[in-house]
file structure_22.cif (mmCIF, C-alpha atoms and all ligand atoms)
data_protein
#
loop_
_atom_site.label_atom_id
_atom_site.label_comp_id
_atom_site.auth_asym_id
_atom_site.auth_seq_id
_atom_site.Cartn_x
_atom_site.Cartn_y
_atom_site.Cartn_z
CA MET A 1 -1.38 -17.24 15.32
CA MET A 2 -2.48 -14.12 13.52
CA PRO A 3 -3.15 -11.23 15.88
CA GLN A 4 -6.48 -9.51 15.87
CA ASN A 5 -6.26 -6.38 13.83
CA VAL A 6 -9.80 -5.56 12.94
CA ARG A 7 -12.15 -4.36 15.60
CA SER A 8 -15.83 -4.19 15.12
CA LEU A 9 -17.57 -1.75 17.42
CA THR A 10 -21.25 -2.24 18.04
CA VAL A 11 -23.40 0.26 19.89
CA GLN A 12 -26.61 -0.87 21.59
CA ASN A 13 -29.74 0.93 22.75
CA THR A 14 -28.77 4.19 21.18
CA THR A 15 -31.04 4.33 18.16
CA GLN A 16 -31.97 7.96 18.77
CA LEU A 17 -28.44 9.23 18.92
CA PRO A 18 -26.12 9.68 15.99
CA PRO A 19 -23.22 7.18 16.10
CA VAL A 20 -20.45 9.47 17.29
CA LEU A 21 -22.50 11.01 20.09
CA SER A 22 -23.72 7.64 21.23
CA ASP A 23 -20.18 6.25 21.32
CA PHE A 24 -19.26 9.01 23.72
CA SER A 25 -22.40 8.73 25.83
CA HIS A 26 -20.17 8.37 28.91
CA ALA A 27 -19.49 12.10 28.82
CA ASN A 28 -21.93 12.77 31.67
CA SER A 29 -20.97 9.79 33.85
CA GLN A 30 -19.45 10.44 37.27
CA PRO A 31 -16.81 8.61 39.32
CA THR A 32 -18.26 6.26 41.94
CA ALA A 33 -16.85 4.40 44.95
CA ASP A 34 -16.46 1.26 42.80
CA ASN A 35 -15.00 3.19 39.95
CA PRO A 36 -13.00 6.15 41.16
CA PHE A 37 -11.69 7.13 37.75
CA THR A 38 -13.10 10.17 36.09
CA PRO A 39 -14.01 9.16 32.58
CA SER A 40 -11.57 10.57 30.10
CA LEU A 41 -11.35 10.58 26.35
CA THR A 42 -7.71 9.63 25.99
CA SER A 43 -7.14 6.82 23.55
CA GLN A 44 -5.11 4.88 26.13
CA SER A 45 -8.01 4.75 28.54
CA LEU A 46 -10.41 3.79 25.76
CA LEU A 47 -8.00 1.07 24.69
CA ARG A 48 -7.89 -0.24 28.25
CA GLU A 49 -11.69 -0.24 28.41
CA TYR A 50 -11.83 -1.97 25.10
CA TYR A 51 -9.51 -4.80 26.09
CA ASP A 52 -11.16 -5.22 29.49
CA ALA A 53 -14.47 -5.66 27.71
CA LEU A 54 -13.01 -8.14 25.27
CA PHE A 55 -11.43 -10.27 27.95
CA ALA A 56 -14.67 -10.36 29.89
CA ALA A 57 -16.07 -12.15 26.83
CA HIS A 58 -15.14 -15.64 25.70
CA GLY A 59 -12.00 -17.18 24.16
CA PRO A 60 -9.73 -15.72 21.50
CA GLN A 61 -11.81 -16.82 18.53
CA GLN A 62 -15.04 -15.40 19.91
CA TRP A 63 -14.07 -12.14 21.46
CA TRP A 64 -17.43 -10.63 21.71
CA PRO A 65 -19.66 -9.11 22.77
CA GLY A 66 -18.06 -7.24 25.62
CA ARG A 67 -19.27 -3.99 27.12
CA THR A 68 -17.10 -1.11 28.24
CA ARG A 69 -18.18 1.11 31.12
CA PHE A 70 -18.87 3.73 28.46
CA GLU A 71 -21.63 1.47 27.04
CA ILE A 72 -19.64 0.74 23.92
CA ILE A 73 -20.20 -2.84 22.83
CA VAL A 74 -17.04 -4.21 21.27
CA GLY A 75 -16.05 -7.32 19.41
CA ALA A 76 -12.80 -8.36 17.79
CA VAL A 77 -12.36 -10.33 14.62
CA LEU A 78 -9.31 -12.49 14.13
CA THR A 79 -8.23 -11.81 10.59
CA GLN A 80 -6.57 -14.13 8.13
CA ASN A 81 -4.09 -13.06 5.52
CA THR A 82 -6.23 -13.69 2.51
CA SER A 83 -9.86 -13.49 3.53
CA TRP A 84 -11.81 -10.61 4.99
CA THR A 85 -15.14 -12.41 4.91
CA ASN A 86 -14.95 -12.88 8.68
CA VAL A 87 -15.22 -9.09 8.98
CA GLU A 88 -18.42 -9.23 6.96
CA ARG A 89 -19.80 -12.04 9.10
CA ALA A 90 -19.00 -10.12 12.28
CA ILE A 91 -21.04 -7.06 11.29
CA ARG A 92 -24.39 -7.20 13.09
CA LYS A 93 -27.53 -5.10 12.81
CA THR A 94 -26.35 -2.93 15.69
CA THR A 95 -22.84 -2.41 14.32
CA ARG A 96 -22.06 1.22 13.58
CA MET A 97 -18.37 1.19 12.98
CA VAL A 98 -15.48 -1.04 11.96
CA TYR A 99 -12.22 0.22 13.45
CA VAL A 100 -8.95 -0.89 11.96
CA GLU A 101 -5.40 -0.25 13.15
CA THR A 102 -2.99 -0.96 10.32
CA PRO A 103 -0.18 -1.82 10.82
CA THR A 104 -0.97 -2.96 14.37
CA ASN A 105 0.98 -2.12 17.46
CA PRO A 106 3.20 -4.06 18.16
CA LEU A 107 2.80 -7.06 15.82
CA MET A 108 2.84 -5.12 12.55
CA ALA A 109 -0.13 -7.01 11.10
CA LEU A 110 -1.91 -5.31 8.20
CA SER A 111 -5.55 -4.98 7.23
CA ASP A 112 -6.57 -4.59 3.60
CA ILE A 113 -8.27 -1.18 3.79
CA GLU A 114 -9.74 -1.33 0.28
CA ALA A 115 -11.23 -4.81 0.80
CA ILE A 116 -12.74 -3.88 4.16
CA ALA A 117 -14.07 -0.58 2.77
CA GLN A 118 -16.00 -2.51 0.13
CA ILE A 119 -17.63 -4.55 2.90
CA THR A 120 -18.43 -1.58 5.13
CA ARG A 121 -19.94 0.36 2.19
CA ARG A 122 -22.16 -2.59 1.34
CA LYS A 123 -23.19 -3.01 4.98
CA LYS A 124 -23.60 0.76 5.45
CA VAL A 125 -21.30 1.06 8.46
CA GLU A 126 -18.41 3.47 8.85
CA LEU A 127 -14.81 2.41 8.40
CA VAL A 128 -12.34 4.17 10.68
CA VAL A 129 -8.59 3.62 10.23
CA ASP A 130 -5.89 4.35 12.80
CA ASN A 131 -3.06 5.54 10.56
CA THR A 132 -0.64 6.46 13.35
CA PHE A 133 2.20 4.12 12.34
CA MET A 134 2.32 5.14 8.68
CA SER A 135 1.30 8.82 8.87
CA PRO A 136 -0.42 10.41 5.86
CA TYR A 137 2.95 10.39 4.12
CA PHE A 138 2.97 6.61 3.60
CA GLN A 139 -0.70 5.61 3.74
CA ARG A 140 -3.89 7.37 2.58
CA PRO A 141 -6.85 5.42 4.02
CA ILE A 142 -9.51 7.84 2.71
CA ALA A 143 -8.31 7.32 -0.86
CA LEU A 144 -8.69 3.59 -0.19
CA GLY A 145 -12.31 4.00 1.00
CA ALA A 146 -12.16 4.80 4.73
CA ASP A 147 -14.78 7.17 6.18
CA MET A 148 -12.58 8.56 8.94
CA VAL A 149 -8.90 8.42 9.89
CA VAL A 150 -7.40 8.83 13.34
CA HIS A 151 -3.83 9.65 14.25
CA SER A 152 -2.10 9.96 17.55
CA THR A 153 -0.34 13.24 16.77
CA THR A 154 1.93 12.43 19.73
CA LYS A 155 3.84 10.21 17.30
CA PHE A 156 5.04 10.94 13.74
CA LEU A 157 2.87 14.02 13.03
CA ASN A 158 4.46 15.90 15.92
CA GLY A 159 7.69 13.99 15.47
CA HIS A 160 9.64 15.52 18.35
CA SER A 161 8.15 13.73 21.39
CA ASP A 162 7.14 17.02 22.98
CA GLY A 163 3.36 17.04 22.77
CA LEU A 164 0.37 14.75 23.35
CA GLY A 165 -2.59 14.81 21.03
CA GLY A 166 -4.80 13.17 18.50
CA VAL A 167 -6.68 14.08 15.36
CA VAL A 168 -9.73 12.68 13.58
CA VAL A 169 -9.93 13.31 9.84
CA CYS A 170 -13.50 13.31 8.54
CA THR A 171 -14.94 12.92 5.07
CA ARG A 172 -18.34 14.45 5.80
CA GLN A 173 -19.52 17.66 7.39
CA ASP A 174 -21.89 15.85 9.77
CA GLN A 175 -19.04 13.76 11.21
CA ALA A 176 -17.02 16.91 11.88
CA GLU A 177 -20.01 18.62 13.48
CA GLN A 178 -20.70 15.67 15.80
CA LEU A 179 -17.06 15.42 16.83
CA GLY A 180 -16.92 19.18 17.30
CA PHE A 181 -19.91 18.92 19.63
CA VAL A 182 -18.22 16.15 21.65
CA GLN A 183 -15.04 18.25 21.91
CA LYS A 184 -17.04 21.22 23.13
CA ALA A 185 -19.12 19.18 25.57
CA ALA A 186 -16.35 16.97 26.95
CA GLY A 187 -13.57 19.53 26.75
CA ALA A 188 -10.82 17.21 25.52
CA ILE A 189 -9.06 19.65 23.23
CA LEU A 190 -5.48 20.67 22.55
CA SER A 191 -4.13 23.98 23.74
CA PRO A 192 -3.04 26.47 21.04
CA PHE A 193 0.63 25.79 21.88
CA GLU A 194 0.21 22.02 21.45
CA CYS A 195 -1.53 22.64 18.11
CA TRP A 196 1.41 24.79 17.10
CA LEU A 197 3.84 22.01 18.00
CA VAL A 198 1.97 19.60 15.74
CA LEU A 199 1.83 22.15 12.92
CA ARG A 200 5.58 22.68 13.30
CA GLY A 201 6.04 18.90 13.03
CA THR A 202 3.99 18.58 9.84
CA LYS A 203 6.36 20.98 8.06
CA THR A 204 9.12 18.38 8.18
CA LEU A 205 6.91 15.27 7.99
CA ALA A 206 8.00 14.33 4.48
CA VAL A 207 11.74 14.52 5.09
CA ARG A 208 11.45 12.80 8.45
CA MET A 209 9.33 9.96 7.12
CA LEU A 210 11.76 9.35 4.27
CA GLN A 211 14.64 9.07 6.74
CA HIS A 212 12.59 6.96 9.20
CA ASP A 213 11.77 4.57 6.37
CA CYS A 214 15.33 4.41 5.11
CA ASN A 215 16.69 3.73 8.62
CA GLY A 216 13.82 1.35 9.41
CA ARG A 217 14.61 -0.87 6.42
CA ARG A 218 18.28 -1.00 7.31
CA VAL A 219 17.63 -1.84 10.98
CA ALA A 220 15.05 -4.51 10.03
CA GLU A 221 17.53 -6.14 7.67
CA PHE A 222 20.24 -6.05 10.31
CA LEU A 223 17.94 -7.64 12.91
CA ALA A 224 16.65 -10.28 10.46
CA GLN A 225 20.22 -11.39 9.76
CA HIS A 226 21.35 -11.37 13.38
CA LYS A 227 22.23 -14.84 14.64
CA LYS A 228 20.43 -14.35 17.95
CA MET A 229 17.21 -13.12 16.41
CA LYS A 230 14.22 -15.49 16.47
CA LYS A 231 11.81 -13.41 14.39
CA VAL A 232 11.43 -9.87 13.04
CA PHE A 233 8.04 -8.26 12.37
CA TYR A 234 8.39 -5.57 9.70
CA PRO A 235 6.18 -5.23 6.59
CA GLY A 236 9.18 -4.34 4.45
CA LEU A 237 10.79 -7.76 4.91
CA LEU A 238 10.11 -10.31 2.19
CA ASP A 239 9.05 -12.90 4.76
CA HIS A 240 6.37 -10.68 6.28
CA PRO A 241 3.11 -12.54 5.51
CA GLN A 242 1.54 -9.35 4.16
CA HIS A 243 4.52 -7.90 2.32
CA GLU A 244 2.57 -7.76 -0.96
CA LEU A 245 -0.35 -5.96 0.69
CA ALA A 246 2.14 -3.56 2.30
CA LYS A 247 3.56 -2.72 -1.13
CA ARG A 248 0.07 -2.19 -2.51
CA GLN A 249 -1.47 0.02 0.16
CA MET A 250 1.53 1.82 1.62
CA THR A 251 4.21 3.85 -0.16
CA GLY A 252 6.86 3.07 2.47
CA PHE A 253 7.36 0.56 5.26
CA GLY A 254 8.08 3.00 8.04
CA ALA A 255 10.11 2.89 11.21
CA MET A 256 8.24 0.51 13.50
CA ILE A 257 9.83 -2.90 14.02
CA THR A 258 9.12 -5.62 16.56
CA PHE A 259 11.53 -8.49 17.15
CA GLU A 260 11.62 -11.65 19.19
CA THR A 261 14.63 -12.10 21.44
CA GLY A 262 13.43 -15.47 22.78
CA SER A 263 12.85 -14.72 26.47
CA LEU A 264 12.14 -12.06 29.06
CA ALA A 265 15.74 -12.35 30.27
CA ASN A 266 17.12 -11.76 26.77
CA ALA A 267 14.83 -8.76 26.24
CA ALA A 268 15.70 -7.26 29.65
CA ARG A 269 19.40 -7.76 29.05
CA MET A 270 19.42 -5.96 25.71
CA LEU A 271 17.18 -3.15 26.91
CA LYS A 272 19.57 -2.48 29.78
CA ARG A 273 22.53 -2.36 27.42
CA VAL A 274 21.30 0.07 24.74
CA ARG A 275 23.00 3.46 24.72
CA VAL A 276 21.88 5.28 21.54
CA CYS A 277 18.32 3.92 21.71
CA THR A 278 16.29 5.26 24.63
CA LEU A 279 13.86 3.11 26.60
CA GLY A 280 10.42 4.66 26.23
CA GLU A 281 6.79 3.79 25.48
CA SER A 282 6.14 6.39 22.84
CA LEU A 283 7.15 6.26 19.18
CA GLY A 284 7.44 8.34 16.06
CA GLY A 285 9.96 10.89 17.32
CA VAL A 286 13.25 11.82 15.69
CA GLU A 287 15.14 9.90 18.39
CA THR A 288 15.09 6.10 18.42
CA LEU A 289 12.88 4.74 21.18
CA ILE A 290 12.86 1.13 22.25
CA SER A 291 10.31 -0.62 24.46
CA HIS A 292 9.18 -3.90 25.94
CA PRO A 293 5.48 -4.41 25.05
CA ALA A 294 4.80 -7.10 27.68
CA THR A 295 5.78 -4.88 30.62
CA MET A 296 5.13 -1.46 29.11
CA THR A 297 2.58 -0.64 26.36
CA HIS A 298 0.67 -3.93 26.64
CA ALA A 299 1.13 -4.72 30.35
CA ALA A 300 -2.50 -3.82 31.02
CA LEU A 301 -3.69 -6.76 28.92
CA GLY A 302 -2.35 -9.28 31.44
CA ALA A 303 -0.48 -12.47 30.55
CA LYS A 304 -3.59 -14.21 29.21
CA GLY A 305 -4.59 -11.31 27.01
CA ARG A 306 -1.09 -10.95 25.58
CA LYS A 307 -0.87 -14.65 24.84
CA GLU A 308 -4.17 -14.59 22.99
CA ILE A 309 -3.01 -11.92 20.58
CA GLY A 310 0.51 -13.28 20.23
CA ILE A 311 2.59 -10.86 22.33
CA THR A 312 5.43 -12.69 24.07
CA ASP A 313 7.74 -11.74 26.95
CA GLY A 314 10.72 -11.83 24.61
CA MET A 315 9.39 -9.21 22.19
CA VAL A 316 11.03 -5.83 21.85
CA ARG A 317 9.58 -2.96 19.80
CA ILE A 318 11.71 -0.26 18.26
CA SER A 319 10.70 3.08 16.75
CA VAL A 320 13.69 3.82 14.56
CA GLY A 321 14.64 7.48 14.60
CA ILE A 322 16.45 9.62 12.08
CA GLU A 323 19.92 9.48 13.66
CA ASP A 324 22.87 8.13 11.70
CA VAL A 325 21.69 4.59 11.05
CA ASP A 326 25.19 3.15 11.58
CA ASP A 327 25.03 4.36 15.19
CA ILE A 328 21.63 2.70 15.72
CA VAL A 329 22.79 -0.59 14.21
CA ALA A 330 26.04 -0.56 16.21
CA ASP A 331 24.08 0.11 19.40
CA LEU A 332 21.68 -2.78 18.76
CA ASP A 333 24.59 -5.02 17.84
CA GLN A 334 26.44 -4.39 21.11
CA ALA A 335 23.23 -4.64 23.12
CA LEU A 336 22.36 -8.01 21.60
CA GLY A 337 25.96 -8.98 22.20
C1 LIG A 401 -1.32 2.92 16.62
C2 LIG A 401 -1.61 3.79 17.81
N1 LIG A 401 -2.73 4.53 17.84
C3 LIG A 401 -3.03 5.33 18.88
C4 LIG A 401 -2.20 5.40 19.99
C5 LIG A 401 -2.57 6.28 21.16
O1 LIG A 401 -1.79 7.40 21.22
P1 LIG A 401 -1.88 8.49 22.39
O2 LIG A 401 -1.25 7.86 23.59
O3 LIG A 401 -1.12 9.65 21.89
O4 LIG A 401 -3.31 8.79 22.62
C6 LIG A 401 -1.04 4.63 20.01
C7 LIG A 401 -0.14 4.69 21.17
O5 LIG A 401 0.88 4.03 21.23
C8 LIG A 401 -0.73 3.82 18.89
O6 LIG A 401 0.39 3.08 18.87
#

call {"tool": "encode", "arguments": {"input": "structure_22.cif", "output": "C-alpha cells"}}
result
Amino acid sequence: MMPQNVRSLTVQNTTQLPPVLSDFSHANSQPTADNPFTPSLTSQSLLREYYDALFAAHGPQQWWPGRTRFEIIVGAVLTQNTSWTNVERAIRKTTRMVYVETPTNPLMALSDIEAIAQITRRKKVELVVDNTFMSPYFQRPIALGADMVVHSTTKFLNGHSDGLGGVVVCTRQDQAEQLGFVQKAAGAILSPFECWLVLRGTKTLAVRMLQHDCNGRRVAEFLAQHKKMKKVFYPGLLDHPQHELAKRQMTGFGAMITFETGSLANAARMLKRVRVCTLGESLGGVETLISHPATMTHAALGAKGRKEIGITDGMVRISVGIEDVDDIVADLDQALG
C-alpha cells in the first residue's frame, strides 16, 4: 500500500482571517481540566493533533475531514505513483493549503512537487513543502513551484544534533509578515544562541550533505543485498517506485533509509547490538542515528494508525552520518548478524 504523503489542510469558519493567522487561531486557547496541555507550536505536537484528527475520521481511503483542537480541519490524500489527480479532487472550497512532506518520514515516499504546484496554482491554494529530509542542498521546492518551504533545522541544517528549531521560507512579503506576527504573538522563537548554532551548521551544509549522500547510497546498497533484509526504502535504489521522480526533482538521494527486518524481535535484536550507530529519534546529524518508528517516532499513531500508512513493527530507520562508511556498514553487518 502506498503511504499517504500529501496532506490537504482545510480551514473552516475563518473567512475574515488571513490563512496563516487562522491556522494558528489556537494561540489564545487555555488549558482546561479535560485538556491539561498548554497549546504549543512545536511541529511534533501539531503532528500529533493532525493524526488524532485523521484517525477520528473514517478509514484509510477517506481520511477526512477531521478537526484538531486548534480548529484546523485536516484531510489526507493517499497518493499513487503516477497520478496526482486525487490531490485535485481533494481540494475543496474551504481548502487553503496543501502540505507535502517529500520524501516522507519514515517510508521515503515522494510527491511530485512540480505536478502538485500546477494543481495548487490552478486552484489558488498555497503549496507548502517540508524539505527537512533533503535540505536545500538536494531539493529546491520553490524553484519547482512551492509557495512556502519548511525545515526542521534540528536536522540537517543544524547538522550537529545540538539545537531544536524550525524555519519557514516564504516567497511573498505578506506570508513573512503574517508569520512574523504569529511569532511575536505566540512567542515560539529561537534564542540568539540557537540561531547561531544553525548558522554555524549551514556553513558546512554542502560538504556534509555530499558525504551523507555518499554514505547513504553505500549503506542502502549494503542493506538491499543483505540476505536477511526483506525490503529497503531509499529513493536512490533502482527498485524504489519513484526512483525516476527522485532523479528529476532531487540532486541527491540523501541519508535517510528505512528497512524491513521482518519482525519486532528482529528489529529489537539489531537495535540492541549496534555499536557505531546510536539509538535516537532525531536525524540529520553528523553521527549515525538509528531508530524504531513503531515504538519511537510513530508510536503516537497507535497500531491501527501505523498499519493504515504502512509502518510495520519490523521497520528500522537510519539517518546515515558522515563517519567512515566502512565502520557503519560493519556495525550494521554485525548487528544484523
Ligand atoms: C520530515 C520532518 N519534518 C519535521 C519534523 C519535526 O521536527 P522538530 O521535532 O525539530 O520540530 C520531523 C521530525 O522528525 C521530520 O522528520

call {"tool": "atom_distance", "arguments": {"input": "structure_22.cif", "atom1": "atom CA of A:Gly145", "atom2": "atom CA of A:Ile119"}}
result
10.2 Å

call {"tool": "atom_distance", "arguments": {"input": "structure_22.cif", "atom1": "atom CA of A:Thr202", "atom2": "atom CA of A:Tyr137"}}
result
10.0 Å

call {"tool": "closest_atom_pairs", "arguments": {"input": "structure_22.cif", "of": "chain A", "to": "ligand LIG 401 (chain A)", "cutoff": "8 Å", "atoms": "only C-alpha atoms and all ligand atoms", "output": "CSV"}}
result
residue,atom,partner,partner_atom,distance
A:Thr42,CA,A:LIG401,O4,5.6
A:Ser43,CA,A:LIG401,O4,4.4
A:Gln44,CA,A:LIG401,O2,5.5
A:Glu101,CA,A:LIG401,C1,6.2
A:Thr102,CA,A:LIG401,C1,7.6
A:Pro103,CA,A:LIG401,C1,7.6
A:Thr104,CA,A:LIG401,C1,6.3
A:Asn105,CA,A:LIG401,O6,5.4
A:Pro106,CA,A:LIG401,O6,7.7
A:Asp130,CA,A:LIG401,N1,6.0
A:Asn131,CA,A:LIG401,C1,6.8
A:Thr132,CA,A:LIG401,C1,4.9
A:Phe133,CA,A:LIG401,C1,5.7
A:Val150,CA,A:LIG401,N1,7.8
A:His151,CA,A:LIG401,N1,6.3
A:Ser152,CA,A:LIG401,O3,4.5
A:Thr153,CA,A:LIG401,O3,6.3
A:Thr154,CA,A:LIG401,O3,4.7
A:Lys155,CA,A:LIG401,O3,6.8
A:Leu164,CA,A:LIG401,O3,5.5
A:Gly165,CA,A:LIG401,O3,5.4
A:Gly166,CA,A:LIG401,O3,6.1
A:Glu281,CA,A:LIG401,O5,7.3
A:Ser282,CA,A:LIG401,O5,6.0
A:Leu283,CA,A:LIG401,O5,7.0
A:Thr297,CA,A:LIG401,O5,7.1

call {"tool": "closest_atom_pairs", "arguments": {"input": "structure_22.cif", "of": "stretch 189-292 of chain A", "to": "stretch 167-183 of chain A", "cutoff": "12 Å", "atoms": "only C-alpha atoms", "output": "JSON lines"}}
result
{"residue": "A:Ile189", "atom": "CA", "partner": "A:Gln183", "partner_atom": "CA", "distance": 6.3}
{"residue": "A:Leu190", "atom": "CA", "partner": "A:Val167", "partner_atom": "CA", "distance": 9.8}
{"residue": "A:Cys195", "atom": "CA", "partner": "A:Val167", "partner_atom": "CA", "distance": 10.4}
{"residue": "A:Val198", "atom": "CA", "partner": "A:Val167", "partner_atom": "CA", "distance": 10.3}
{"residue": "A:Leu199", "atom": "CA", "partner": "A:Val167", "partner_atom": "CA", "distance": 12.0}

call {"tool": "write_last_selection", "arguments": {"input": "structure_22.cif", "atoms": "C-alpha atoms", "output": "tab-separated table (two decimals), in the frame of the given file"}}
result
chain	number	residue	atom	x	y	z
A	189	ILE	CA	-9.06	19.65	23.23
A	190	LEU	CA	-5.48	20.67	22.55
A	195	CYS	CA	-1.53	22.64	18.11
A	198	VAL	CA	1.97	19.60	15.74
A	199	LEU	CA	1.83	22.15	12.92

call {"tool": "residues_around", "arguments": {"input": "structure_22.cif", "residues": "A:Thr288", "least_positions_apart": "6", "cutoff": "8 Å", "atoms": "all atoms listed in the file", "output": "list in words"}}
result
Val276, Cys277, Thr278, Ile318, Ser319, Val320, Gly321, Ile322, Glu323 and Ile328 of chain A

call {"tool": "atom_distance", "arguments": {"input": "structure_22.cif", "atom1": "atom CA of A:Leu237", "atom2": "atom CA of A:Ala224"}}
result
8.5 Å

call {"tool": "residues_around", "arguments": {"input": "structure_22.cif", "residues": "A:Glu221", "least_positions_apart": "6", "cutoff": "10 Å", "atoms": "only C-alpha atoms", "output": "ChimeraX atom specification"}}
result
/A:215,232,234,236-237

call {"tool": "closest_residue", "arguments": {"input": "structure_22.cif", "among": "A:Gly284, A:Pro241, A:Gly216, A:Gly163", "to": "A:Ile257", "atoms": "only C-alpha atoms"}}
result
A:Gly216
